[in-house]
Each structure stands twice: as C-alpha cells, then as structure tokens.
Amino acid sequence: SQQGEEDPQALSIQEGENATMNCSYKTSINNLQWYRQNSGRGLVHLILIRSNEREKHSGRLRVTLDTSKKSSSLLITASRAADTASYFCATEDNFNKFYFGSGTKLNVKP
Amino acid sequence: DTGVSQNPRHKITKRGQNVTFRCDPISEHNRLYWYRQTLGQGPEFLTYFQNEAQLEKSRLLSDRFSAERPKGSFSTLEIQRTEQGDSAMYLCASSSSEEQFFGPGTRLTVL
C-alpha cells in the first residue's frame with residue numbers, strides 16, 4: 001500500500017480563499033514533497049521539505065512537517081482558478097524510493 | 001524541449017498482446033523511475049534505475065513486466081501478455097537529486 005495518504009480527498013473553495021491539505025505517512029523518511037497534477041497530465045514538483053525541517057515557504061505555498069506525528073500540511077494562500085488540480089504528497093525513503101498518496105482534488109471556483 | 005518525454009502518449013491494445021513504452025529522461029539525470037497510475041489514485045512505484053542499473057522493483061510488478069535502461073539513457077517498459085487490469089497511465093520520472101521531473105505519461109487501454 002502507498003505510504004502517504006492525503007486528506008481531504010476533495011476540496012472546493014472560492015478564488016481568493018486559502019486551501020489546506022494534509023498528508024500522513026507511516027515510516028521514516030528522508031524528505032517529503034508535494035506535487036501537482038492537472039487533469040490527465042504529468043506531475044509537477046511544487047516544494048520539498050527535509051526531515052529535519054519544520055516549515056518551508058515558496059511563493060503562495062507553505063508546507064509544514066511534523067515527524068513525531070508523521071504528518072505534513074500544504075497551504076495555498078489566495079487561491080486562483082488556475083490552482084485547480086490534484087495535489088499529492090510523496091515521501092522518499094533511505095533507498096531513494098518514492099511513495100505517493102492518493103491525492104487531494106482541489107477545485108477553485110472563480 | 002529538454003523535459004522528460006514518453007512515447008507513445010496513448011496505446012490501445014487487445015488482451016494478450018505485448019506492448020512497449022519508451023521514456024527519454026532529462027539528459028544529465030542519472031535516476032529514472034517508472035510508476036503506474038490509475039484513475040483517482042496517486043502514482044504507484046514500479047521500478048527505478050540508477051544509470052543503467054535496475055536497483056529496485058516493486059513486488060506489484062509481475063514477471064510480465066520488464067524494464068531496461070541500456071547505456072543509462074532512455075528506458076523501455078515492456079508488458080507481455082497484457083491483461084485488462086494493466087489499463088492505466090504509465091509515468092516516467094527522472095532526477096539527479098531529490099526532485100523528480102515527470103513525463104506526460106503513456107495511457108494504456110487493454111481491450
């Protein structure tokens with residue numbers, strides 16, 4: 001089974017609102033990454049947080065990591081219609097293998 | 001375009017036929033990954049190469065699946081005697097560090 005699990009499975013918000021997605025994982029990790037996938041297309045890397053980091057920012061993205069709870073959250077501030085996509089967390093283990101969750105489907109209504 | 005490319009983009013085949021997909025990674029990337037993704041799910045790890053060496057293969061991968069990366073450049077994924085359950089998107093990704101760069105995928109439909 002996949003290591004990462006996202007919550008919620010689906011999220012619908014109005015443009016301008018913030019969107020928060022959560023990810024939980026099971027075993028020890030080197031890092032945790034978030035990816036975005038537009039319908040029927042490949043994944044695009046958004047942000048990476050290492051296991052010794054607690055918070056990271058990139059533009060409108062903020063990711064947190066709590067290794068004691070084995071969880072991470074992704075916050076997208078001031079959402080735009082173009083942010084509509086599926087968002088996946090992925091954990092990398094010590095052997096360079098990646099495990100993806102089942103994703104959060106975000107819909108930003110204009 | 002210097003991104004990851006995959007061919008073909010779509011493949012429709014009949015059950016029992018063999019199919020082969022190709023992935024051309026970003027040229028300086030030494031790691032190459034294959035994933036399978038079904039509708040509503042995240043990518044599922046299949047196998048991974050460091051240069052030409054296949055370092056890991058998922059237990060999900062039956063012996064009908066084989067992957068190669070001759071000379072450590074492009075890679076091929078072959079599925080023999082396809083089954084309807086093989087219908088999925090097959091994604092390739094390459095990396096030189098922690099970040100993976102994904103190709104657009106090959107959508108396989110087995111009739």
# chains A, B, ... in the order shown; residues from 1 in each chain; ligands from 1

call {"tool": "interface_residues", "arguments": {"of": "chain A", "to": "chain B", "cutoff": "6 Å", "atoms": "only C-alpha atoms", "output": "NGL selection string"}}
result
:A and (41-43 or 100-102)

call {"tool": "select_by_dssp", "arguments": {"residues": "chain A", "states": "strand (DSSP E or B)", "output": "PDB file with C-alpha atoms, in the first residue's frame"}}
result
ATOM      1  CA  GLU A   5      -2.436   9.495   2.497  1.00  0.00           C
ATOM      2  CA  GLU A   6      -3.948  12.912   1.830  1.00  0.00           C
ATOM      3  CA  ASP A   7      -6.891  14.492   3.496  1.00  0.00           C
ATOM      4  CA  ALA A  10     -11.656  16.646  -2.358  1.00  0.00           C
ATOM      5  CA  LEU A  11     -11.807  20.342  -1.551  1.00  0.00           C
ATOM      6  CA  SER A  12     -13.871  23.079  -3.199  1.00  0.00           C
ATOM      7  CA  ILE A  13     -13.227  26.746  -2.406  1.00  0.00           C
ATOM      8  CA  GLN A  14     -13.773  30.198  -3.845  1.00  0.00           C
ATOM      9  CA  ALA A  19      -6.647  25.831   0.777  1.00  0.00           C
ATOM     10  CA  THR A  20      -5.132  23.429   3.276  1.00  0.00           C
ATOM     11  CA  MET A  21      -4.321  19.804   2.508  1.00  0.00           C
ATOM     12  CA  ASN A  22      -2.900  17.252   4.900  1.00  0.00           C
ATOM     13  CA  CYS A  23      -0.729  14.213   4.381  1.00  0.00           C
ATOM     14  CA  SER A  24       0.063  11.372   6.749  1.00  0.00           C
ATOM     15  CA  ASN A  31      12.088  14.158   2.836  1.00  0.00           C
ATOM     16  CA  LEU A  32       8.503  14.869   1.882  1.00  0.00           C
ATOM     17  CA  GLN A  33       7.494  16.515  -1.361  1.00  0.00           C
ATOM     18  CA  TRP A  34       4.291  17.934  -2.776  1.00  0.00           C
ATOM     19  CA  TYR A  35       3.340  17.606  -6.426  1.00  0.00           C
ATOM     20  CA  ARG A  36       0.515  18.996  -8.523  1.00  0.00           C
ATOM     21  CA  GLN A  37      -1.195  17.188 -11.375  1.00  0.00           C
ATOM     22  CA  LEU A  43       3.082  15.678 -12.153  1.00  0.00           C
ATOM     23  CA  VAL A  44       4.867  18.919 -11.381  1.00  0.00           C
ATOM     24  CA  HIS A  45       7.099  19.299  -8.340  1.00  0.00           C
ATOM     25  CA  LEU A  46       5.980  22.104  -6.001  1.00  0.00           C
ATOM     26  CA  ILE A  47       8.039  22.036  -2.832  1.00  0.00           C
ATOM     27  CA  LEU A  48      10.294  19.778  -0.775  1.00  0.00           C
ATOM     28  CA  ILE A  49      10.778  19.696   2.984  1.00  0.00           C
ATOM     29  CA  ARG A  50      13.541  17.651   4.593  1.00  0.00           C
ATOM     30  CA  GLU A  55       8.293  24.669   7.835  1.00  0.00           C
ATOM     31  CA  LYS A  56       9.067  25.920   4.378  1.00  0.00           C
ATOM     32  CA  HIS A  57       7.672  28.645   2.106  1.00  0.00           C
ATOM     33  CA  SER A  58       7.666  29.083  -1.644  1.00  0.00           C
ATOM     34  CA  LEU A  61       2.838  27.795  -0.749  1.00  0.00           C
ATOM     35  CA  ARG A  62       3.575  26.942   2.843  1.00  0.00           C
ATOM     36  CA  VAL A  63       4.395  23.397   3.908  1.00  0.00           C
ATOM     37  CA  THR A  64       4.851  22.086   7.431  1.00  0.00           C
ATOM     38  CA  LEU A  65       6.251  18.788   8.618  1.00  0.00           C
ATOM     39  CA  ASP A  66       5.735  17.090  11.964  1.00  0.00           C
ATOM     40  CA  SER A  71       2.223  14.305   9.015  1.00  0.00           C
ATOM     41  CA  SER A  72       2.565  17.291   6.710  1.00  0.00           C
ATOM     42  CA  SER A  73       0.299  20.049   5.530  1.00  0.00           C
ATOM     43  CA  LEU A  74       0.288  22.166   2.388  1.00  0.00           C
ATOM     44  CA  LEU A  75      -1.290  25.607   2.495  1.00  0.00           C
ATOM     45  CA  ILE A  76      -2.044  27.502  -0.686  1.00  0.00           C
ATOM     46  CA  ALA A  85      -5.664  20.353  -9.811  1.00  0.00           C
ATOM     47  CA  SER A  86      -4.895  17.225  -7.804  1.00  0.00           C
ATOM     48  CA  TYR A  87      -2.216  17.561  -5.154  1.00  0.00           C
ATOM     49  CA  PHE A  88      -0.097  14.639  -3.989  1.00  0.00           C
ATOM     50  CA  CYS A  89       2.397  14.246  -1.199  1.00  0.00           C
ATOM     51  CA  ALA A  90       5.327  11.919  -1.774  1.00  0.00           C
ATOM     52  CA  THR A  91       7.802  10.592   0.737  1.00  0.00           C
ATOM     53  CA  GLU A  92      11.319   9.466  -0.129  1.00  0.00           C
ATOM     54  CA  PHE A  98       9.103   7.411  -3.531  1.00  0.00           C
ATOM     55  CA  TYR A  99       5.649   6.703  -2.157  1.00  0.00           C
ATOM     56  CA  PHE A 100       2.709   8.826  -3.248  1.00  0.00           C
ATOM     57  CA  THR A 104      -6.476  15.815  -2.785  1.00  0.00           C
ATOM     58  CA  LYS A 105      -8.579  17.092  -5.639  1.00  0.00           C
ATOM     59  CA  LEU A 106      -8.793  20.872  -5.338  1.00  0.00           C
ATOM     60  CA  ASN A 107     -11.414  22.887  -7.176  1.00  0.00           C
ATOM     61  CA  VAL A 108     -11.095  26.672  -7.048  1.00  0.00           C
ATOM     62  CA  LYS A 109     -14.222  28.380  -8.241  1.00  0.00           C
TER      63      LYS A 109
END

call {"tool": "atom_distance", "arguments": {"atom1": "CA of Tyr25 (chain A)", "atom2": "CA of Asp93 (chain A)"}}
result
11.2 Å

call {"tool": "closest_residue", "arguments": {"among": "B:Glu28, B:Thr13, B:Arg64, B:Phe49", "to": "Asn96 (chain A)", "atoms": "only C-alpha atoms"}}
result
B:Phe49

call {"tool": "closest_residue", "arguments": {"among": "A:Asn94, A:Gly40, A:Thr84, A:Ser28", "to": "Lys70 (chain A)", "atoms": "only C-alpha atoms"}}
result
A:Ser28

call {"tool": "closest_residue", "arguments": {"among": "A:Gln9, A:Asn18, A:Asn38, A:Thr27", "to": "Thr67 (chain A)", "atoms": "only C-alpha atoms"}}
result
A:Thr27

call {"tool": "atom_distance", "arguments": {"atom1": "CA of Ala53 (chain B)", "atom2": "CA of Ala88 (chain B)"}}
result
25.4 Å

call {"tool": "atom_distance", "arguments": {"atom1": "CA of Glu83 (chain B)", "atom2": "CA of Glu68 (chain B)"}}
result
21.0 Å

call {"tool": "residues_around", "arguments": {"residues": "Gln80 (chain B)", "least_positions_apart": "2", "cutoff": "7 Å", "atoms": "only C-alpha atoms", "output": "ChimeraX atom specification"}}
result
/B:17-19,64-65,78,82

call {"tool": "write_last_selection", "arguments": {"atoms": "N, CA and C atoms", "output": "short mmCIF file (atom, residue, chain, number, x, y, z; two decimals), in the first residue's frame"}}
result
data_model
loop_
_atom_site.label_atom_id
_atom_site.label_comp_id
_atom_site.auth_asym_id
_atom_site.auth_seq_id
_atom_site.Cartn_x
_atom_site.Cartn_y
_atom_site.Cartn_z
N GLN B 17 -1.73 -9.18 -26.02
CA GLN B 17 -0.67 -8.60 -26.82
C GLN B 17 0.43 -8.04 -25.92
N ASN B 18 1.61 -7.88 -26.50
CA ASN B 18 2.73 -7.24 -25.80
C ASN B 18 2.80 -5.77 -26.18
N VAL B 19 3.18 -4.94 -25.22
CA VAL B 19 3.35 -3.51 -25.50
C VAL B 19 4.68 -3.05 -24.92
N ARG B 64 5.43 -10.43 -15.93
CA ARG B 64 5.06 -10.00 -17.29
C ARG B 64 5.64 -8.62 -17.60
N PHE B 65 6.11 -7.94 -16.55
CA PHE B 65 6.65 -6.60 -16.73
C PHE B 65 8.17 -6.67 -16.71
N GLU B 78 8.28 -2.91 -20.86
CA GLU B 78 7.52 -3.85 -21.67
C GLU B 78 6.54 -4.61 -20.80
N THR B 82 -0.66 -8.71 -22.15
CA THR B 82 -1.42 -7.71 -21.40
C THR B 82 -2.77 -8.23 -20.94
#

call {"tool": "residues_around", "arguments": {"residues": "Gly85 (chain B)", "least_positions_apart": "6", "cutoff": "10 Å", "atoms": "only C-alpha atoms", "output": "compact mmCIF listing (two decimals) with all heavy atoms, in the first residue's frame"}}
result
# COMPACT_ATOMS: atom_id res chain seq x y z
N ARG B 15 -6.15 -7.67 -25.31
CA ARG B 15 -5.68 -8.56 -24.25
C ARG B 15 -4.80 -9.66 -24.85
O ARG B 15 -5.13 -10.23 -25.88
CB ARG B 15 -6.89 -9.17 -23.56
CG ARG B 15 -6.59 -9.90 -22.28
CD ARG B 15 -7.86 -10.32 -21.61
NE ARG B 15 -8.80 -10.96 -22.54
CZ ARG B 15 -10.03 -11.31 -22.24
NH1 ARG B 15 -10.51 -11.07 -21.03
NH2 ARG B 15 -10.80 -11.89 -23.12
N THR B 38 -3.62 4.76 -11.70
CA THR B 38 -5.00 4.50 -12.13
C THR B 38 -5.88 5.66 -11.68
O THR B 38 -5.48 6.47 -10.83
CB THR B 38 -5.51 3.17 -11.55
OG1 THR B 38 -5.32 3.19 -10.13
CG2 THR B 38 -4.77 1.99 -12.13
N THR B 109 -4.70 1.35 -22.75
CA THR B 109 -6.03 0.75 -22.66
C THR B 109 -5.96 -0.66 -23.23
O THR B 109 -5.56 -0.84 -24.38
CB THR B 109 -7.07 1.56 -23.44
OG1 THR B 109 -7.09 2.91 -22.95
CG2 THR B 109 -8.45 0.96 -23.30
N VAL B 110 -6.32 -1.62 -22.41
CA VAL B 110 -6.32 -3.02 -22.85
C VAL B 110 -7.77 -3.46 -23.03
O VAL B 110 -8.55 -3.45 -22.07
CB VAL B 110 -5.61 -3.93 -21.84
CG1 VAL B 110 -5.59 -5.37 -22.36
CG2 VAL B 110 -4.19 -3.44 -21.58
N LEU B 111 -8.10 -3.82 -24.26
CA LEU B 111 -9.50 -4.20 -24.57
C LEU B 111 -9.75 -5.69 -24.35
O LEU B 111 -8.81 -6.49 -24.43
CB LEU B 111 -9.81 -3.82 -26.02
CG LEU B 111 -9.63 -2.34 -26.36
CD1 LEU B 111 -9.85 -2.13 -27.85
CD2 LEU B 111 -10.59 -1.50 -25.55

call {"tool": "residues_around", "arguments": {"residues": "Leu108 (chain B)", "least_positions_apart": "3", "cutoff": "6 Å", "atoms": "only C-alpha atoms", "output": "JSON, numbers by chain"}}
result
{"B": [11, 12, 87, 88]}

call {"tool": "write_last_selection", "arguments": {"atoms": "all heavy atoms", "output": "JSON list (two decimals), in the first residue's frame"}}
result
[["chain", "number", "residue", "atom", "x", "y", "z"],
["B", 11, "LYS", "N", -1.90, 4.20, -26.04],
["B", 11, "LYS", "CA", -1.75, 2.89, -26.66],
["B", 11, "LYS", "C", -3.00, 2.08, -26.34],
["B", 11, "LYS", "O", -3.38, 1.93, -25.17],
["B", 11, "LYS", "CB", -0.52, 2.17, -26.10],
["B", 11, "LYS", "CG", -0.30, 0.78, -26.67],
["B", 11, "LYS", "CD", 0.16, 0.82, -28.09],
["B", 11, "LYS", "CE", 0.40, -0.58, -28.63],
["B", 11, "LYS", "NZ", 0.81, -0.54, -30.06],
["B", 12, "ILE", "N", -3.65, 1.61, -27.39],
["B", 12, "ILE", "CA", -4.79, 0.72, -27.24],
["B", 12, "ILE", "C", -4.38, -0.63, -27.77],
["B", 12, "ILE", "O", -3.86, -0.72, -28.89],
["B", 12, "ILE", "CB", -6.03, 1.25, -27.98],
["B", 12, "ILE", "CG1", -6.42, 2.63, -27.45],
["B", 12, "ILE", "CG2", -7.20, 0.28, -27.85],
["B", 12, "ILE", "CD1", -7.54, 3.31, -28.23],
["B", 87, "SER", "N", -4.60, -1.76, -17.71],
["B", 87, "SER", "CA", -5.03, -0.45, -18.20],
["B", 87, "SER", "C", -4.76, 0.60, -17.14],
["B", 87, "SER", "O", -5.21, 0.49, -16.00],
["B", 87, "SER", "CB", -6.52, -0.46, -18.55],
["B", 87, "SER", "OG", -6.78, -1.32, -19.63],
["B", 88, "ALA", "N", -3.99, 1.60, -17.50],
["B", 88, "ALA", "CA", -3.56, 2.63, -16.54],
["B", 88, "ALA", "C", -2.74, 3.67, -17.29],
["B", 88, "ALA", "O", -2.45, 3.52, -18.48],
["B", 88, "ALA", "CB", -2.71, 2.03, -15.42]]

call {"tool": "decode", "arguments": {"residues": "region 70-107 of chain A", "atoms": "N, CA, C and O atoms", "output": "PDB file, in the first residue's frame"}}
result
ATOM      1  N   LYS A  70       4.189  12.136  12.049  1.00  0.00           N
ATOM      2  CA  LYS A  70       4.269  11.622  10.681  1.00  0.00           C
ATOM      3  C   LYS A  70       3.192  12.278   9.810  1.00  0.00           C
ATOM      4  O   LYS A  70       2.378  11.597   9.163  1.00  0.00           O
ATOM      5  N   SER A  71       3.220  13.589   9.808  1.00  0.00           N
ATOM      6  CA  SER A  71       2.223  14.305   9.015  1.00  0.00           C
ATOM      7  C   SER A  71       2.802  15.586   8.452  1.00  0.00           C
ATOM      8  O   SER A  71       3.778  16.142   8.975  1.00  0.00           O
ATOM      9  N   SER A  72       2.168  16.055   7.370  1.00  0.00           N
ATOM     10  CA  SER A  72       2.565  17.291   6.710  1.00  0.00           C
ATOM     11  C   SER A  72       1.307  18.004   6.245  1.00  0.00           C
ATOM     12  O   SER A  72       0.265  17.371   6.042  1.00  0.00           O
ATOM     13  N   SER A  73       1.416  19.316   6.104  1.00  0.00           N
ATOM     14  CA  SER A  73       0.299  20.049   5.530  1.00  0.00           C
ATOM     15  C   SER A  73       0.823  20.996   4.463  1.00  0.00           C
ATOM     16  O   SER A  73       1.950  21.490   4.545  1.00  0.00           O
ATOM     17  N   LEU A  74      -0.011  21.211   3.454  1.00  0.00           N
ATOM     18  CA  LEU A  74       0.288  22.166   2.388  1.00  0.00           C
ATOM     19  C   LEU A  74      -0.792  23.233   2.416  1.00  0.00           C
ATOM     20  O   LEU A  74      -1.983  22.909   2.350  1.00  0.00           O
ATOM     21  N   LEU A  75      -0.366  24.473   2.516  1.00  0.00           N
ATOM     22  CA  LEU A  75      -1.290  25.607   2.495  1.00  0.00           C
ATOM     23  C   LEU A  75      -1.050  26.403   1.235  1.00  0.00           C
ATOM     24  O   LEU A  75       0.096  26.776   0.949  1.00  0.00           O
ATOM     25  N   ILE A  76      -2.105  26.627   0.480  1.00  0.00           N
ATOM     26  CA  ILE A  76      -2.044  27.502  -0.686  1.00  0.00           C
ATOM     27  C   ILE A  76      -2.827  28.754  -0.315  1.00  0.00           C
ATOM     28  O   ILE A  76      -4.040  28.674  -0.043  1.00  0.00           O
ATOM     29  N   THR A  77      -2.170  29.890  -0.284  1.00  0.00           N
ATOM     30  CA  THR A  77      -2.856  31.128   0.091  1.00  0.00           C
ATOM     31  C   THR A  77      -3.389  31.844  -1.148  1.00  0.00           C
ATOM     32  O   THR A  77      -2.854  31.679  -2.260  1.00  0.00           O
ATOM     33  N   ALA A  78      -4.441  32.619  -0.943  1.00  0.00           N
ATOM     34  CA  ALA A  78      -5.020  33.436  -2.017  1.00  0.00           C
ATOM     35  C   ALA A  78      -5.179  32.625  -3.295  1.00  0.00           C
ATOM     36  O   ALA A  78      -4.610  32.956  -4.344  1.00  0.00           O
ATOM     37  N   SER A  79      -5.951  31.555  -3.200  1.00  0.00           N
ATOM     38  CA  SER A  79      -6.046  30.613  -4.326  1.00  0.00           C
ATOM     39  C   SER A  79      -6.592  31.279  -5.584  1.00  0.00           C
ATOM     40  O   SER A  79      -7.324  32.280  -5.533  1.00  0.00           O
ATOM     41  N   ARG A  80      -6.221  30.661  -6.713  1.00  0.00           N
ATOM     42  CA  ARG A  80      -6.661  31.139  -8.035  1.00  0.00           C
ATOM     43  C   ARG A  80      -7.322  29.979  -8.764  1.00  0.00           C
ATOM     44  O   ARG A  80      -7.049  28.816  -8.448  1.00  0.00           O
ATOM     45  N   ALA A  81      -8.127  30.283  -9.748  1.00  0.00           N
ATOM     46  CA  ALA A  81      -8.778  29.224 -10.530  1.00  0.00           C
ATOM     47  C   ALA A  81      -7.739  28.286 -11.144  1.00  0.00           C
ATOM     48  O   ALA A  81      -7.952  27.075 -11.269  1.00  0.00           O
ATOM     49  N   ALA A  82      -6.571  28.850 -11.494  1.00  0.00           N
ATOM     50  CA  ALA A  82      -5.505  28.037 -12.098  1.00  0.00           C
ATOM     51  C   ALA A  82      -4.891  27.036 -11.124  1.00  0.00           C
ATOM     52  O   ALA A  82      -4.144  26.143 -11.530  1.00  0.00           O
ATOM     53  N   ASP A  83      -5.189  27.170  -9.826  1.00  0.00           N
ATOM     54  CA  ASP A  83      -4.692  26.207  -8.839  1.00  0.00           C
ATOM     55  C   ASP A  83      -5.514  24.918  -8.845  1.00  0.00           C
ATOM     56  O   ASP A  83      -5.157  23.945  -8.178  1.00  0.00           O
ATOM     57  N   THR A  84      -6.624  24.908  -9.572  1.00  0.00           N
ATOM     58  CA  THR A  84      -7.451  23.708  -9.668  1.00  0.00           C
ATOM     59  C   THR A  84      -6.632  22.557 -10.229  1.00  0.00           C
ATOM     60  O   THR A  84      -6.100  22.645 -11.336  1.00  0.00           O
ATOM     61  N   ALA A  85      -6.506  21.495  -9.447  1.00  0.00           N
ATOM     62  CA  ALA A  85      -5.664  20.353  -9.811  1.00  0.00           C
ATOM     63  C   ALA A  85      -5.754  19.318  -8.697  1.00  0.00           C
ATOM     64  O   ALA A  85      -6.404  19.542  -7.675  1.00  0.00           O
ATOM     65  N   SER A  86      -5.067  18.202  -8.886  1.00  0.00           N
ATOM     66  CA  SER A  86      -4.895  17.225  -7.804  1.00  0.00           C
ATOM     67  C   SER A  86      -3.525  17.434  -7.186  1.00  0.00           C
ATOM     68  O   SER A  86      -2.554  17.683  -7.906  1.00  0.00           O
ATOM     69  N   TYR A  87      -3.459  17.341  -5.881  1.00  0.00           N
ATOM     70  CA  TYR A  87      -2.216  17.561  -5.154  1.00  0.00           C
ATOM     71  C   TYR A  87      -1.837  16.284  -4.412  1.00  0.00           C
ATOM     72  O   TYR A  87      -2.668  15.682  -3.722  1.00  0.00           O
ATOM     73  N   PHE A  88      -0.580  15.885  -4.585  1.00  0.00           N
ATOM     74  CA  PHE A  88      -0.097  14.639  -3.989  1.00  0.00           C
ATOM     75  C   PHE A  88       1.115  14.919  -3.102  1.00  0.00           C
ATOM     76  O   PHE A  88       1.989  15.710  -3.479  1.00  0.00           O
ATOM     77  N   CYS A  89       1.161  14.241  -1.969  1.00  0.00           N
ATOM     78  CA  CYS A  89       2.397  14.246  -1.199  1.00  0.00           C
ATOM     79  C   CYS A  89       3.170  12.979  -1.539  1.00  0.00           C
ATOM     80  O   CYS A  89       2.589  11.950  -1.893  1.00  0.00           O
ATOM     81  N   ALA A  90       4.469  13.067  -1.477  1.00  0.00           N
ATOM     82  CA  ALA A  90       5.327  11.919  -1.774  1.00  0.00           C
ATOM     83  C   ALA A  90       6.455  11.892  -0.754  1.00  0.00           C
ATOM     84  O   ALA A  90       7.066  12.925  -0.471  1.00  0.00           O
ATOM     85  N   THR A  91       6.705  10.733  -0.210  1.00  0.00           N
ATOM     86  CA  THR A  91       7.802  10.592   0.737  1.00  0.00           C
ATOM     87  C   THR A  91       8.928   9.792   0.090  1.00  0.00           C
ATOM     88  O   THR A  91       8.676   8.867  -0.693  1.00  0.00           O
ATOM     89  N   GLU A  92      10.151  10.182   0.377  1.00  0.00           N
ATOM     90  CA  GLU A  92      11.319   9.466  -0.129  1.00  0.00           C
ATOM     91  C   GLU A  92      11.962   8.730   1.038  1.00  0.00           C
ATOM     92  O   GLU A  92      12.260   9.339   2.068  1.00  0.00           O
ATOM     93  N   ASP A  93      12.192   7.440   0.843  1.00  0.00           N
ATOM     94  CA  ASP A  93      12.827   6.687   1.926  1.00  0.00           C
ATOM     95  C   ASP A  93      14.348   6.708   1.758  1.00  0.00           C
ATOM     96  O   ASP A  93      14.877   7.398   0.885  1.00  0.00           O
ATOM     97  N   ASN A  94      15.036   5.957   2.598  1.00  0.00           N
ATOM     98  CA  ASN A  94      16.506   5.967   2.574  1.00  0.00           C
ATOM     99  C   ASN A  94      17.091   5.255   1.355  1.00  0.00           C
ATOM    100  O   ASN A  94      18.310   5.239   1.174  1.00  0.00           O
ATOM    101  N   PHE A  95      16.236   4.657   0.547  1.00  0.00           N
ATOM    102  CA  PHE A  95      16.710   3.918  -0.628  1.00  0.00           C
ATOM    103  C   PHE A  95      16.272   4.601  -1.931  1.00  0.00           C
ATOM    104  O   PHE A  95      16.230   3.958  -2.977  1.00  0.00           O
ATOM    105  N   ASN A  96      15.950   5.895  -1.837  1.00  0.00           N
ATOM    106  CA  ASN A  96      15.556   6.704  -2.996  1.00  0.00           C
ATOM    107  C   ASN A  96      14.264   6.230  -3.654  1.00  0.00           C
ATOM    108  O   ASN A  96      14.043   6.491  -4.834  1.00  0.00           O
ATOM    109  N   LYS A  97      13.436   5.505  -2.894  1.00  0.00           N
ATOM    110  CA  LYS A  97      12.119   5.130  -3.413  1.00  0.00           C
ATOM    111  C   LYS A  97      11.099   6.158  -2.953  1.00  0.00           C
ATOM    112  O   LYS A  97      11.180   6.678  -1.842  1.00  0.00           O
ATOM    113  N   PHE A  98      10.126   6.424  -3.831  1.00  0.00           N
ATOM    114  CA  PHE A  98       9.103   7.411  -3.531  1.00  0.00           C
ATOM    115  C   PHE A  98       7.753   6.737  -3.375  1.00  0.00           C
ATOM    116  O   PHE A  98       7.403   5.836  -4.134  1.00  0.00           O
ATOM    117  N   TYR A  99       6.994   7.217  -2.412  1.00  0.00           N
ATOM    118  CA  TYR A  99       5.649   6.703  -2.157  1.00  0.00           C
ATOM    119  C   TYR A  99       4.684   7.878  -2.213  1.00  0.00           C
ATOM    120  O   TYR A  99       4.852   8.858  -1.491  1.00  0.00           O
ATOM    121  N   PHE A 100       3.693   7.759  -3.073  1.00  0.00           N
ATOM    122  CA  PHE A 100       2.709   8.826  -3.248  1.00  0.00           C
ATOM    123  C   PHE A 100       1.406   8.468  -2.544  1.00  0.00           C
ATOM    124  O   PHE A 100       1.011   7.301  -2.489  1.00  0.00           O
ATOM    125  N   GLY A 101       0.719   9.495  -2.065  1.00  0.00           N
ATOM    126  CA  GLY A 101      -0.609   9.297  -1.533  1.00  0.00           C
ATOM    127  C   GLY A 101      -1.628   9.283  -2.660  1.00  0.00           C
ATOM    128  O   GLY A 101      -1.280   9.368  -3.836  1.00  0.00           O
ATOM    129  N   SER A 102      -2.880   9.210  -2.272  1.00  0.00           N
ATOM    130  CA  SER A 102      -3.959   9.136  -3.263  1.00  0.00           C
ATOM    131  C   SER A 102      -4.451  10.507  -3.705  1.00  0.00           C
ATOM    132  O   SER A 102      -5.258  10.612  -4.613  1.00  0.00           O
ATOM    133  N   GLY A 103      -3.948  11.561  -3.069  1.00  0.00           N
ATOM    134  CA  GLY A 103      -4.192  12.898  -3.574  1.00  0.00           C
ATOM    135  C   GLY A 103      -5.395  13.621  -3.017  1.00  0.00           C
ATOM    136  O   GLY A 103      -6.345  13.011  -2.524  1.00  0.00           O
ATOM    137  N   THR A 104      -5.342  14.931  -3.088  1.00  0.00           N
ATOM    138  CA  THR A 104      -6.476  15.815  -2.785  1.00  0.00           C
ATOM    139  C   THR A 104      -6.846  16.532  -4.069  1.00  0.00           C
ATOM    140  O   THR A 104      -5.988  17.157  -4.687  1.00  0.00           O
ATOM    141  N   LYS A 105      -8.116  16.423  -4.434  1.00  0.00           N
ATOM    142  CA  LYS A 105      -8.579  17.092  -5.639  1.00  0.00           C
ATOM    143  C   LYS A 105      -9.106  18.471  -5.234  1.00  0.00           C
ATOM    144  O   LYS A 105     -10.096  18.577  -4.519  1.00  0.00           O
ATOM    145  N   LEU A 106      -8.424  19.509  -5.686  1.00  0.00           N
ATOM    146  CA  LEU A 106      -8.793  20.872  -5.338  1.00  0.00           C
ATOM    147  C   LEU A 106      -9.523  21.536  -6.496  1.00  0.00           C
ATOM    148  O   LEU A 106      -9.035  21.525  -7.625  1.00  0.00           O
ATOM    149  N   ASN A 107     -10.661  22.126  -6.188  1.00  0.00           N
ATOM    150  CA  ASN A 107     -11.414  22.887  -7.176  1.00  0.00           C
ATOM    151  C   ASN A 107     -11.542  24.320  -6.671  1.00  0.00           C
ATOM    152  O   ASN A 107     -12.109  24.548  -5.596  1.00  0.00           O
TER     153      ASN A 107
END
